[in-house]
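One file, run.pdb, is given below (PDB, C-alpha atoms).
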ATOM      1  CA  MET A1484     -69.845 -31.224 -12.720  1.00  0.00           C
ATOM      2  CA  VAL A1485     -68.205 -32.917  -9.714  1.00  0.00           C
ATOM      3  CA  TYR A1486     -66.426 -30.691  -7.183  1.00  0.00           C
ATOM      4  CA  LEU A1487     -64.534 -31.418  -3.960  1.00  0.00           C
ATOM      5  CA  THR A1488     -63.765 -29.651  -0.710  1.00  0.00           C
ATOM      6  CA  GLY A1489     -62.615 -30.540   2.793  1.00  0.00           C
ATOM      7  CA  ASP A1490     -64.272 -30.575   6.218  1.00  0.00           C
ATOM      8  CA  THR A1491     -67.257 -28.282   6.714  1.00  0.00           C
ATOM      9  CA  HIS A1492     -68.059 -29.114  10.373  1.00  0.00           C
ATOM     10  CA  GLY A1493     -71.687 -28.123  10.037  1.00  0.00           C
ATOM     11  CA  ASP A1494     -71.145 -24.710   8.430  1.00  0.00           C
ATOM     12  CA  PHE A1495     -72.537 -24.686   4.909  1.00  0.00           C
ATOM     13  CA  CYS A1496     -72.540 -20.947   4.257  1.00  0.00           C
ATOM     14  CA  ARG A1497     -69.410 -21.301   2.151  1.00  0.00           C
ATOM     15  CA  ILE A1498     -71.111 -24.047   0.130  1.00  0.00           C
ATOM     16  CA  ALA A1499     -74.047 -21.705  -0.447  1.00  0.00           C
ATOM     17  CA  ASP A1500     -71.622 -19.013  -1.623  1.00  0.00           C
ATOM     18  CA  PHE A1501     -70.004 -21.535  -3.970  1.00  0.00           C
ATOM     19  CA  CYS A1502     -73.369 -22.487  -5.446  1.00  0.00           C
ATOM     20  CA  LYS A1503     -74.200 -18.843  -6.094  1.00  0.00           C
ATOM     21  CA  ARG A1504     -70.782 -18.095  -7.567  1.00  0.00           C
ATOM     22  CA  PHE A1505     -70.805 -21.025  -9.981  1.00  0.00           C
ATOM     23  CA  GLU A1506     -74.562 -21.173 -10.621  1.00  0.00           C
ATOM     24  CA  THR A1507     -74.804 -24.846  -9.732  1.00  0.00           C
ATOM     25  CA  SER A1508     -77.782 -27.179  -9.926  1.00  0.00           C
ATOM     26  CA  VAL A1509     -78.730 -30.375  -8.096  1.00  0.00           C
ATOM     27  CA  ASP A1510     -77.162 -32.252 -10.992  1.00  0.00           C
ATOM     28  CA  ASP A1511     -73.799 -30.925  -9.777  1.00  0.00           C
ATOM     29  CA  VAL A1512     -72.067 -32.844  -6.986  1.00  0.00           C
ATOM     30  CA  MET A1513     -69.972 -31.462  -4.140  1.00  0.00           C
ATOM     31  CA  ILE A1514     -67.829 -34.103  -2.435  1.00  0.00           C
ATOM     32  CA  ILE A1515     -67.205 -33.386   1.258  1.00  0.00           C
ATOM     33  CA  LEU A1516     -64.073 -35.257   2.330  1.00  0.00           C
ATOM     34  CA  GLY A1517     -65.350 -36.139   5.799  1.00  0.00           C
ATOM     35  CA  ASP A1518     -66.591 -34.241   8.869  1.00  0.00           C
ATOM     36  CA  ALA A1519     -69.482 -32.654   7.040  1.00  0.00           C
ATOM     37  CA  GLY A1520     -71.011 -32.185  10.486  1.00  0.00           C
ATOM     38  CA  ILE A1521     -74.535 -32.939   9.360  1.00  0.00           C
ATOM     39  CA  ASN A1522     -75.252 -35.814  11.772  1.00  0.00           C
ATOM     40  CA  PHE A1523     -73.697 -34.421  14.918  1.00  0.00           C
ATOM     41  CA  SER A1524     -76.182 -33.521  17.637  1.00  0.00           C
ATOM     42  CA  GLY A1525     -79.034 -35.717  16.443  1.00  0.00           C
ATOM     43  CA  GLY A1526     -81.521 -32.966  17.233  1.00  0.00           C
ATOM     44  CA  GLN A1527     -82.969 -29.734  15.906  1.00  0.00           C
ATOM     45  CA  LYS A1528     -79.565 -28.289  15.005  1.00  0.00           C
ATOM     46  CA  ASP A1529     -78.975 -31.175  12.619  1.00  0.00           C
ATOM     47  CA  GLN A1530     -82.464 -30.695  11.215  1.00  0.00           C
ATOM     48  CA  ALA A1531     -81.772 -27.014  10.595  1.00  0.00           C
ATOM     49  CA  LYS A1532     -78.547 -27.846   8.742  1.00  0.00           C
ATOM     50  CA  LYS A1533     -80.348 -30.351   6.546  1.00  0.00           C
ATOM     51  CA  ASP A1534     -83.140 -27.892   5.775  1.00  0.00           C
ATOM     52  CA  PHE A1535     -80.518 -25.327   4.767  1.00  0.00           C
ATOM     53  CA  ILE A1536     -78.690 -27.791   2.507  1.00  0.00           C
ATOM     54  CA  ALA A1537     -81.943 -29.062   0.989  1.00  0.00           C
ATOM     55  CA  ALA A1538     -82.564 -25.593  -0.424  1.00  0.00           C
ATOM     56  CA  LEU A1539     -79.144 -25.411  -2.096  1.00  0.00           C
ATOM     57  CA  PRO A1540     -78.841 -26.108  -5.832  1.00  0.00           C
ATOM     58  CA  ILE A1541     -76.308 -28.907  -5.425  1.00  0.00           C
ATOM     59  CA  THR A1542     -76.025 -32.537  -4.294  1.00  0.00           C
ATOM     60  CA  LEU A1543     -73.675 -33.222  -1.383  1.00  0.00           C
ATOM     61  CA  PHE A1544     -71.773 -36.509  -1.468  1.00  0.00           C
ATOM     62  CA  CYS A1545     -70.165 -36.993   1.928  1.00  0.00           C
ATOM     63  CA  VAL A1546     -67.337 -39.273   3.001  1.00  0.00           C
ATOM     64  CA  HIS A1547     -67.613 -40.331   6.645  1.00  0.00           C
ATOM     65  CA  GLY A1548     -65.416 -38.341   9.022  1.00  0.00           C
ATOM     66  CA  ASN A1549     -64.665 -38.840  12.700  1.00  0.00           C
ATOM     67  CA  HIS A1550     -66.714 -35.997  14.196  1.00  0.00           C
ATOM     68  CA  GLU A1551     -70.120 -37.316  13.141  1.00  0.00           C
ATOM     69  CA  GLN A1552     -72.441 -40.281  13.514  1.00  0.00           C
ATOM     70  CA  ARG A1553     -72.420 -43.050  10.962  1.00  0.00           C
ATOM     71  CA  PRO A1554     -75.657 -42.758   8.979  1.00  0.00           C
ATOM     72  CA  TYR A1555     -76.426 -46.484   9.117  1.00  0.00           C
ATOM     73  CA  ASN A1556     -76.900 -46.061  12.879  1.00  0.00           C
ATOM     74  CA  ILE A1557     -79.648 -43.489  12.278  1.00  0.00           C
ATOM     75  CA  PRO A1558     -83.054 -45.106  11.543  1.00  0.00           C
ATOM     76  CA  SER A1559     -84.162 -42.478   9.015  1.00  0.00           C
ATOM     77  CA  TYR A1560     -81.342 -43.361   6.593  1.00  0.00           C
ATOM     78  CA  GLN A1561     -81.854 -45.963   3.895  1.00  0.00           C
ATOM     79  CA  GLU A1562     -79.460 -47.504   1.398  1.00  0.00           C
ATOM     80  CA  LYS A1563     -79.826 -46.445  -2.215  1.00  0.00           C
ATOM     81  CA  GLU A1564     -77.904 -47.191  -5.395  1.00  0.00           C
ATOM     82  CA  TRP A1565     -76.272 -44.092  -6.836  1.00  0.00           C
ATOM     83  CA  ASN A1566     -73.708 -43.912  -9.633  1.00  0.00           C
ATOM     84  CA  ASN A1567     -73.090 -47.673  -9.414  1.00  0.00           C
ATOM     85  CA  GLY A1568     -72.413 -47.624  -5.673  1.00  0.00           C
ATOM     86  CA  ILE A1569     -74.396 -47.587  -2.425  1.00  0.00           C
ATOM     87  CA  VAL A1570     -75.145 -44.415  -0.473  1.00  0.00           C
ATOM     88  CA  TYR A1571     -77.152 -43.640   2.650  1.00  0.00           C
ATOM     89  CA  VAL A1572     -79.920 -41.092   2.198  1.00  0.00           C
ATOM     90  CA  GLU A1573     -83.003 -39.776   3.980  1.00  0.00           C
ATOM     91  CA  GLU A1574     -86.171 -39.562   1.889  1.00  0.00           C
ATOM     92  CA  GLU A1575     -86.763 -35.975   3.006  1.00  0.00           C
ATOM     93  CA  TYR A1576     -83.281 -34.881   1.895  1.00  0.00           C
ATOM     94  CA  PRO A1577     -82.484 -36.506  -1.453  1.00  0.00           C
ATOM     95  CA  ASN A1578     -79.577 -34.140  -2.186  1.00  0.00           C
ATOM     96  CA  ILE A1579     -77.612 -35.168   0.943  1.00  0.00           C
ATOM     97  CA  LEU A1580     -75.796 -38.449   0.331  1.00  0.00           C
ATOM     98  CA  PHE A1581     -73.313 -40.376   2.478  1.00  0.00           C
ATOM     99  CA  ALA A1582     -70.990 -42.879   0.854  1.00  0.00           C
ATOM    100  CA  LYS A1583     -70.899 -46.431   2.128  1.00  0.00           C
ATOM    101  CA  ASP A1584     -67.261 -47.227   2.894  1.00  0.00           C
ATOM    102  CA  GLY A1585     -65.642 -49.418   0.273  1.00  0.00           C
ATOM    103  CA  GLU A1586     -68.188 -48.700  -2.429  1.00  0.00           C
ATOM    104  CA  ILE A1587     -66.907 -47.812  -5.883  1.00  0.00           C
ATOM    105  CA  PHE A1588     -68.793 -45.019  -7.633  1.00  0.00           C
ATOM    106  CA  THR A1589     -68.603 -43.841 -11.219  1.00  0.00           C
ATOM    107  CA  LEU A1590     -68.028 -40.089 -11.045  1.00  0.00           C
ATOM    108  CA  ASP A1591     -67.343 -38.196 -14.260  1.00  0.00           C
ATOM    109  CA  GLY A1592     -66.361 -41.535 -15.762  1.00  0.00           C
ATOM    110  CA  TYR A1593     -63.807 -42.316 -13.043  1.00  0.00           C
ATOM    111  CA  GLN A1594     -63.963 -45.366 -10.780  1.00  0.00           C
ATOM    112  CA  THR A1595     -63.931 -43.719  -7.363  1.00  0.00           C
ATOM    113  CA  MET A1596     -63.742 -45.452  -3.965  1.00  0.00           C
ATOM    114  CA  ALA A1597     -64.802 -43.887  -0.657  1.00  0.00           C
ATOM    115  CA  ILE A1598     -62.997 -44.821   2.580  1.00  0.00           C
ATOM    116  CA  GLY A1599     -64.135 -42.845   5.617  1.00  0.00           C
ATOM    117  CA  GLY A1600     -63.182 -42.560   9.262  1.00  0.00           C
ATOM    118  CA  ALA A1601     -60.287 -41.395  11.428  1.00  0.00           C
ATOM    119  CA  TYR A1602     -59.200 -41.061  15.057  1.00  0.00           C
ATOM    120  CA  SER A1603     -60.216 -38.009  17.107  1.00  0.00           C
ATOM    121  CA  ILE A1604     -57.157 -36.532  18.797  1.00  0.00           C
ATOM    122  CA  ASP A1605     -59.533 -34.619  21.099  1.00  0.00           C
ATOM    123  CA  LYS A1606     -61.290 -37.828  22.150  1.00  0.00           C
ATOM    124  CA  MET A1607     -60.595 -37.435  25.897  1.00  0.00           C
ATOM    125  CA  MET A1608     -62.041 -33.930  25.976  1.00  0.00           C
ATOM    126  CA  ARG A1609     -65.087 -35.031  24.026  1.00  0.00           C
ATOM    127  CA  VAL A1610     -65.685 -38.017  26.309  1.00  0.00           C
ATOM    128  CA  ALA A1611     -65.175 -35.933  29.462  1.00  0.00           C
ATOM    129  CA  TYR A1612     -67.651 -33.256  28.422  1.00  0.00           C
ATOM    130  CA  GLY A1613     -70.091 -35.439  26.487  1.00  0.00           C
ATOM    131  CA  TYR A1614     -69.371 -33.532  23.319  1.00  0.00           C
ATOM    132  CA  GLY A1615     -69.914 -35.710  20.271  1.00  0.00           C
ATOM    133  CA  TRP A1616     -67.565 -38.683  20.223  1.00  0.00           C
ATOM    134  CA  TRP A1617     -68.464 -42.022  18.597  1.00  0.00           C
ATOM    135  CA  GLU A1618     -66.573 -45.240  19.261  1.00  0.00           C
ATOM    136  CA  ASP A1619     -67.047 -46.420  15.670  1.00  0.00           C
ATOM    137  CA  GLU A1620     -65.326 -43.333  14.240  1.00  0.00           C
ATOM    138  CA  GLN A1621     -62.611 -45.455  12.606  1.00  0.00           C
ATOM    139  CA  PRO A1622     -63.256 -48.194  10.031  1.00  0.00           C
ATOM    140  CA  SER A1623     -64.000 -51.563  11.611  1.00  0.00           C
ATOM    141  CA  GLU A1624     -62.273 -54.786  10.609  1.00  0.00           C
ATOM    142  CA  GLU A1625     -65.401 -55.648   8.627  1.00  0.00           C
ATOM    143  CA  ILE A1626     -65.145 -52.389   6.679  1.00  0.00           C
ATOM    144  CA  LYS A1627     -61.436 -52.909   6.071  1.00  0.00           C
ATOM    145  CA  GLN A1628     -62.054 -56.408   4.746  1.00  0.00           C
ATOM    146  CA  TYR A1629     -64.787 -55.093   2.460  1.00  0.00           C
ATOM    147  CA  VAL A1630     -62.518 -52.355   1.095  1.00  0.00           C
ATOM    148  CA  GLU A1631     -59.731 -54.828   0.392  1.00  0.00           C
ATOM    149  CA  GLN A1632     -62.087 -57.326  -1.245  1.00  0.00           C
ATOM    150  CA  GLN A1633     -63.523 -54.604  -3.464  1.00  0.00           C
ATOM    151  CA  LEU A1634     -60.034 -53.572  -4.544  1.00  0.00           C
ATOM    152  CA  ALA A1635     -59.021 -57.183  -5.125  1.00  0.00           C
ATOM    153  CA  ASP A1636     -62.088 -57.617  -7.332  1.00  0.00           C
ATOM    154  CA  HIS A1637     -60.771 -54.683  -9.385  1.00  0.00           C
ATOM    155  CA  ASP A1638     -57.217 -56.108  -9.528  1.00  0.00           C
ATOM    156  CA  TRP A1639     -56.032 -53.341  -7.194  1.00  0.00           C
ATOM    157  CA  LYS A1640     -56.515 -50.729  -9.880  1.00  0.00           C
ATOM    158  CA  ILE A1641     -58.837 -47.764  -9.483  1.00  0.00           C
ATOM    159  CA  ASP A1642     -58.898 -44.164 -10.646  1.00  0.00           C
ATOM    160  CA  ILE A1643     -59.597 -42.119  -7.520  1.00  0.00           C
ATOM    161  CA  VAL A1644     -59.699 -42.638  -3.745  1.00  0.00           C
ATOM    162  CA  LEU A1645     -61.718 -40.357  -1.463  1.00  0.00           C
ATOM    163  CA  SER A1646     -60.798 -40.738   2.199  1.00  0.00           C
ATOM    164  CA  HIS A1647     -61.051 -38.636   5.334  1.00  0.00           C
ATOM    165  CA  THR A1648     -57.603 -39.292   6.751  1.00  0.00           C
ATOM    166  CA  ILE A1649     -54.416 -40.103   4.839  1.00  0.00           C
ATOM    167  CA  PRO A1650     -51.883 -42.914   4.362  1.00  0.00           C
ATOM    168  CA  LEU A1651     -49.390 -42.601   7.217  1.00  0.00           C
ATOM    169  CA  LYS A1652     -46.343 -41.781   5.093  1.00  0.00           C
ATOM    170  CA  TYR A1653     -48.059 -38.617   3.797  1.00  0.00           C
ATOM    171  CA  GLU A1654     -49.173 -37.151   7.136  1.00  0.00           C
ATOM    172  CA  PRO A1655     -48.728 -33.348   7.120  1.00  0.00           C
ATOM    173  CA  ILE A1656     -46.726 -33.152  10.330  1.00  0.00           C
ATOM    174  CA  GLU A1657     -46.631 -29.363  10.128  1.00  0.00           C
ATOM    175  CA  SER A1658     -50.369 -29.373  10.876  1.00  0.00           C
ATOM    176  CA  PHE A1659     -50.105 -31.445  14.076  1.00  0.00           C
ATOM    177  CA  MET A1660     -51.516 -29.849  17.218  1.00  0.00           C
ATOM    178  CA  LEU A1661     -48.787 -28.282  19.350  1.00  0.00           C
ATOM    179  CA  GLY A1662     -48.210 -30.166  22.586  1.00  0.00           C
ATOM    180  CA  MET A1663     -49.985 -33.305  21.365  1.00  0.00           C
ATOM    181  CA  ASN A1664     -48.008 -36.457  22.140  1.00  0.00           C
ATOM    182  CA  GLN A1665     -48.199 -38.272  18.810  1.00  0.00           C
ATOM    183  CA  SER A1666     -47.277 -41.585  20.452  1.00  0.00           C
ATOM    184  CA  ARG A1667     -50.720 -41.511  22.098  1.00  0.00           C
ATOM    185  CA  VAL A1668     -52.564 -40.991  18.828  1.00  0.00           C
ATOM    186  CA  ASP A1669     -54.150 -44.116  17.353  1.00  0.00           C
ATOM    187  CA  LYS A1670     -52.831 -44.203  13.798  1.00  0.00           C
ATOM    188  CA  SER A1671     -54.095 -47.669  12.918  1.00  0.00           C
ATOM    189  CA  THR A1672     -56.308 -46.316  10.130  1.00  0.00           C
ATOM    190  CA  GLU A1673     -53.429 -44.345   8.607  1.00  0.00           C
ATOM    191  CA  GLN A1674     -51.179 -47.410   8.844  1.00  0.00           C
ATOM    192  CA  TRP A1675     -53.798 -49.525   7.109  1.00  0.00           C
ATOM    193  CA  LEU A1676     -54.237 -46.910   4.372  1.00  0.00           C
ATOM    194  CA  ASP A1677     -50.452 -46.957   3.947  1.00  0.00           C
ATOM    195  CA  GLY A1678     -50.651 -50.611   2.999  1.00  0.00           C
ATOM    196  CA  ILE A1679     -53.574 -49.933   0.676  1.00  0.00           C
ATOM    197  CA  GLU A1680     -51.703 -47.123  -1.066  1.00  0.00           C
ATOM    198  CA  ASP A1681     -48.563 -49.245  -1.488  1.00  0.00           C
ATOM    199  CA  ARG A1682     -50.504 -51.889  -3.420  1.00  0.00           C
ATOM    200  CA  LEU A1683     -52.935 -49.713  -5.323  1.00  0.00           C
ATOM    201  CA  ASP A1684     -52.585 -48.553  -8.913  1.00  0.00           C
ATOM    202  CA  TYR A1685     -54.433 -45.215  -8.868  1.00  0.00           C
ATOM    203  CA  LYS A1686     -54.480 -41.767 -10.470  1.00  0.00           C
ATOM    204  CA  LYS A1687     -55.439 -39.482  -7.574  1.00  0.00           C
ATOM    205  CA  TRP A1688     -56.151 -39.638  -3.828  1.00  0.00           C
ATOM    206  CA  TYR A1689     -58.076 -36.888  -2.024  1.00  0.00           C
ATOM    207  CA  CYS A1690     -58.531 -36.495   1.739  1.00  0.00           C
ATOM    208  CA  GLY A1691     -59.544 -33.920   4.372  1.00  0.00           C
ATOM    209  CA  HIS A1692     -59.163 -34.127   8.178  1.00  0.00           C
ATOM    210  CA  TYR A1693     -55.990 -32.071   8.653  1.00  0.00           C
ATOM    211  CA  HIS A1694     -57.381 -28.586   7.956  1.00  0.00           C
ATOM    212  CA  VAL A1695     -54.601 -27.765   5.494  1.00  0.00           C
ATOM    213  CA  GLU A1696     -54.229 -27.438   1.732  1.00  0.00           C
ATOM    214  CA  LYS A1697     -51.356 -29.589   0.482  1.00  0.00           C
ATOM    215  CA  ARG A1698     -50.331 -31.742  -2.467  1.00  0.00           C
ATOM    216  CA  ILE A1699     -47.842 -34.583  -2.185  1.00  0.00           C
ATOM    217  CA  ASP A1700     -47.305 -36.529  -5.396  1.00  0.00           C
ATOM    218  CA  LYS A1701     -50.760 -37.946  -6.282  1.00  0.00           C
ATOM    219  CA  ILE A1702     -52.199 -37.121  -2.846  1.00  0.00           C
ATOM    220  CA  GLU A1703     -54.177 -33.938  -2.238  1.00  0.00           C
ATOM    221  CA  ILE A1704     -55.265 -32.794   1.225  1.00  0.00           C
ATOM    222  CA  MET A1705     -58.138 -30.313   1.100  1.00  0.00           C
ATOM    223  CA  PHE A1706     -59.804 -28.026   3.603  1.00  0.00           C
ATOM    224  CA  GLU A1707     -61.567 -24.866   2.433  1.00  0.00           C
ATOM    225  CA  ASN A1708     -60.303 -24.838  -1.142  1.00  0.00           C
ATOM    226  CA  TYR A1709     -62.438 -26.274  -3.926  1.00  0.00           C
ATOM    227  CA  GLY A1710     -61.500 -28.345  -6.920  1.00  0.00           C
ATOM    228  CA  GLU A1711     -62.963 -30.217  -9.821  1.00  0.00           C
ATOM    229  CA  LEU A1712     -62.583 -33.971  -9.768  1.00  0.00           C
ATOM    230  CA  TYR A1713     -59.275 -35.099 -11.221  1.00  0.00           C
ATOM    231  CA  THR A1714     -58.747 -34.714 -14.940  1.00  0.00           C
ATOM    232  CA  VAL A1715     -55.967 -36.172 -17.044  1.00  0.00           C
ATOM    233  CA  GLU A1716     -55.131 -32.681 -18.304  1.00  0.00           C
ATOM    234  CA  GLY A1717     -53.970 -31.533 -14.882  1.00  0.00           C
ATOM    235  CA  GLU A1718     -54.871 -30.084 -11.511  1.00  0.00           C
ATOM    236  CA  ASN A1719     -57.411 -27.372 -10.969  1.00  0.00           C
ATOM    237  CA  SER A1720     -58.222 -26.404  -7.394  1.00  0.00           C
ATOM    238  CA  TRP A1721     -58.979 -22.876  -6.252  1.00  0.00           C
ATOM    239  CA  ASN A1722     -60.048 -20.877  -3.232  1.00  0.00           C
TER     240      ASN A1722
END
Re-express the file's structure as structure tokens.
Amino acid sequence: MVYLTGDTHGDFCRIADFCKRFETSVDDVMIILGDAGINFSGGQKDQAKKDFIAALPITLFCVHGNHEQRPYNIPSYQEKEWNNGIVYVEEEYPNILFAKDGEIFTLDGYQTMAIGGAYSIDKMMRVAYGYGWWEDEQPSEEIKQYVEQQLADHDWKIDIVLSHTIPLKYEPIESFMLGMNQSRVDKSTEQWLDGIEDRLDYKKWYCGHYHVEKRIDKIEIMFENYGELYTVEGENSWN
């Protein structure tokens, strides 16, 4: 079974509860839609999180967020083929996978693309206090070109998109931080995703980032709810 949820920010107790509730196994997959918070400090705290996850009866498949390091910048991660796409994985933790941006995976029979990254609205605070900010948090031009080439190779038709942030036109403005001047927020990734979404023939698009639960047409924003990967029969997410 393939499940989804939103940002976890390093707290996997709710994932452990989910595993117990649904009696999962490592053959089951939980998609984290960015900001898993596994590669954050780079030290013992990260190690403790990974040890905790390694003992869970589930495989985590993580989209890159903005509050975490990119795994390809961490020497212990290696590329591996998984479900017809490329993931980053550490040998010691085979049930913790990070999607390579632009890769197309076959999940429950669906062609599924991962597109990670977003802008941190709290960037200035993080820079000022040295609290976990990475300049490559958003997709680079190279990543964007790879995504677009992959989609072109598939005639701009795919079943499911997994991203961290959302196409600009679907932003949940009700979730915006009070007092935040939106004109100072870099929305280049959202603008780019807008263009992708306009051209793409797809069935479902999932994202996280905004810490809300919301559906807009074929778009679903997730936070702490869970769901099964899209099925033709209908929607099925739950708390």
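Between atom CA of A:Asn1566 and atom CA of A:Cys1496 the separation is 26.9 Å.
Between atom CA of A:Cys1545 and atom CA of A:Leu1516 there is a distance of 6.3 Å.
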Would you write out, as a PyMOL selection string, every residue that the PyMOL selection byres ((chain A and resi 1685) around 8) captures in this file? chain A and resi 1640-1644+1683-1684+1686-1688
Hits of the PyMOL selection byres ((chain A and resi 1674) around 12) in this structure, as a list of chain:residue names: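 In the shown coordinates, the PyMOL selection byres ((chain A and resi 1674) around 12) covers A:Ala1601, A:Tyr1602, A:Lys1627, A:Thr1648, A:Ile1649, A:Pro1650, A:Leu1651, A:Lys1652, A:Tyr1653, A:Glu1654, A:Val1668, A:Asp1669, A:Lys1670, A:Ser1671, A:Thr1672, A:Glu1673, A:Trp1675, A:Leu1676, A:Asp1677, A:Gly1678, A:Ile1679, A:Glu1680, A:Asp1681.
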Mind pulling up the distance from atom CA of A:Glu1551 to atom CA of A:Ile1521?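 Pair atom CA of A:Ile1521 / atom CA of A:Glu1551 returns 7.3 Å.
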Env of A:Arg1497: 10 Å cut, atoms = all atoms listed in the file, seq-sep filter 6 positions within chain, self excluded. Answer as a ChimeraX atom specification. /A:1491,1503,1707
A:Phe1535, A:Phe1588, A:Phe1501, A:Phe1495 ranked by distance to A:Asn1708, top pick (using only C-alpha atoms): A:Phe1501
Expanded to explicit residues, what is the PyMOL selection byres ((chain A and resi 1523) around 12) for this file, as a ChimeraX atom specification? /A:1492-1494,1518-1522,1524-1533,1547-1554,1557,1614-1617
C-alpha atoms of the current selection, written as a PDB file, keeping the file's coordinate frame:
ATOM      1  CA  HIS A1492     -68.059 -29.114  10.373  1.00  0.00           C
ATOM      2  CA  GLY A1493     -71.687 -28.123  10.037  1.00  0.00           C
ATOM      3  CA  ASP A1494     -71.145 -24.710   8.430  1.00  0.00           C
ATOM      4  CA  ASP A1518     -66.591 -34.241   8.869  1.00  0.00           C
ATOM      5  CA  ALA A1519     -69.482 -32.654   7.040  1.00  0.00           C
ATOM      6  CA  GLY A1520     -71.011 -32.185  10.486  1.00  0.00           C
ATOM      7  CA  ILE A1521     -74.535 -32.939   9.360  1.00  0.00           C
ATOM      8  CA  ASN A1522     -75.252 -35.814  11.772  1.00  0.00           C
ATOM      9  CA  SER A1524     -76.182 -33.521  17.637  1.00  0.00           C
ATOM     10  CA  GLY A1525     -79.034 -35.717  16.443  1.00  0.00           C
ATOM     11  CA  GLY A1526     -81.521 -32.966  17.233  1.00  0.00           C
ATOM     12  CA  GLN A1527     -82.969 -29.734  15.906  1.00  0.00           C
ATOM     13  CA  LYS A1528     -79.565 -28.289  15.005  1.00  0.00           C
ATOM     14  CA  ASP A1529     -78.975 -31.175  12.619  1.00  0.00           C
ATOM     15  CA  GLN A1530     -82.464 -30.695  11.215  1.00  0.00           C
ATOM     16  CA  ALA A1531     -81.772 -27.014  10.595  1.00  0.00           C
ATOM     17  CA  LYS A1532     -78.547 -27.846   8.742  1.00  0.00           C
ATOM     18  CA  LYS A1533     -80.348 -30.351   6.546  1.00  0.00           C
ATOM     19  CA  HIS A1547     -67.613 -40.331   6.645  1.00  0.00           C
ATOM     20  CA  GLY A1548     -65.416 -38.341   9.022  1.00  0.00           C
ATOM     21  CA  ASN A1549     -64.665 -38.840  12.700  1.00  0.00           C
ATOM     22  CA  HIS A1550     -66.714 -35.997  14.196  1.00  0.00           C
ATOM     23  CA  GLU A1551     -70.120 -37.316  13.141  1.00  0.00           C
ATOM     24  CA  GLN A1552     -72.441 -40.281  13.514  1.00  0.00           C
ATOM     25  CA  ARG A1553     -72.420 -43.050  10.962  1.00  0.00           C
ATOM     26  CA  PRO A1554     -75.657 -42.758   8.979  1.00  0.00           C
ATOM     27  CA  ILE A1557     -79.648 -43.489  12.278  1.00  0.00           C
ATOM     28  CA  TYR A1614     -69.371 -33.532  23.319  1.00  0.00           C
ATOM     29  CA  GLY A1615     -69.914 -35.710  20.271  1.00  0.00           C
ATOM     30  CA  TRP A1616     -67.565 -38.683  20.223  1.00  0.00           C
ATOM     31  CA  TRP A1617     -68.464 -42.022  18.597  1.00  0.00           C
TER      32      TRP A1617
END
Report as number ranges by chain all protein, DNA and RNA residues lying within 12 Å of A:Glu1574, evaluated on all atoms listed in the file, omitting residues in the same chain fewer than 5 positions from it. A: 1533, 1537, 1558-1563, 1579-1580
Please write out, as lines of an AutoDock Vina configuration file, where the centre of an axis-aligned box around all listed atoms of stretch 1590-1601 of chain A lies and how long its edges are, in Å to one decimal, after adding 5 Å on each side.
center_x = -64.2
center_y = -41.8
center_z = -2.2
size_x = 17.7
size_y = 17.3
size_z = 37.2
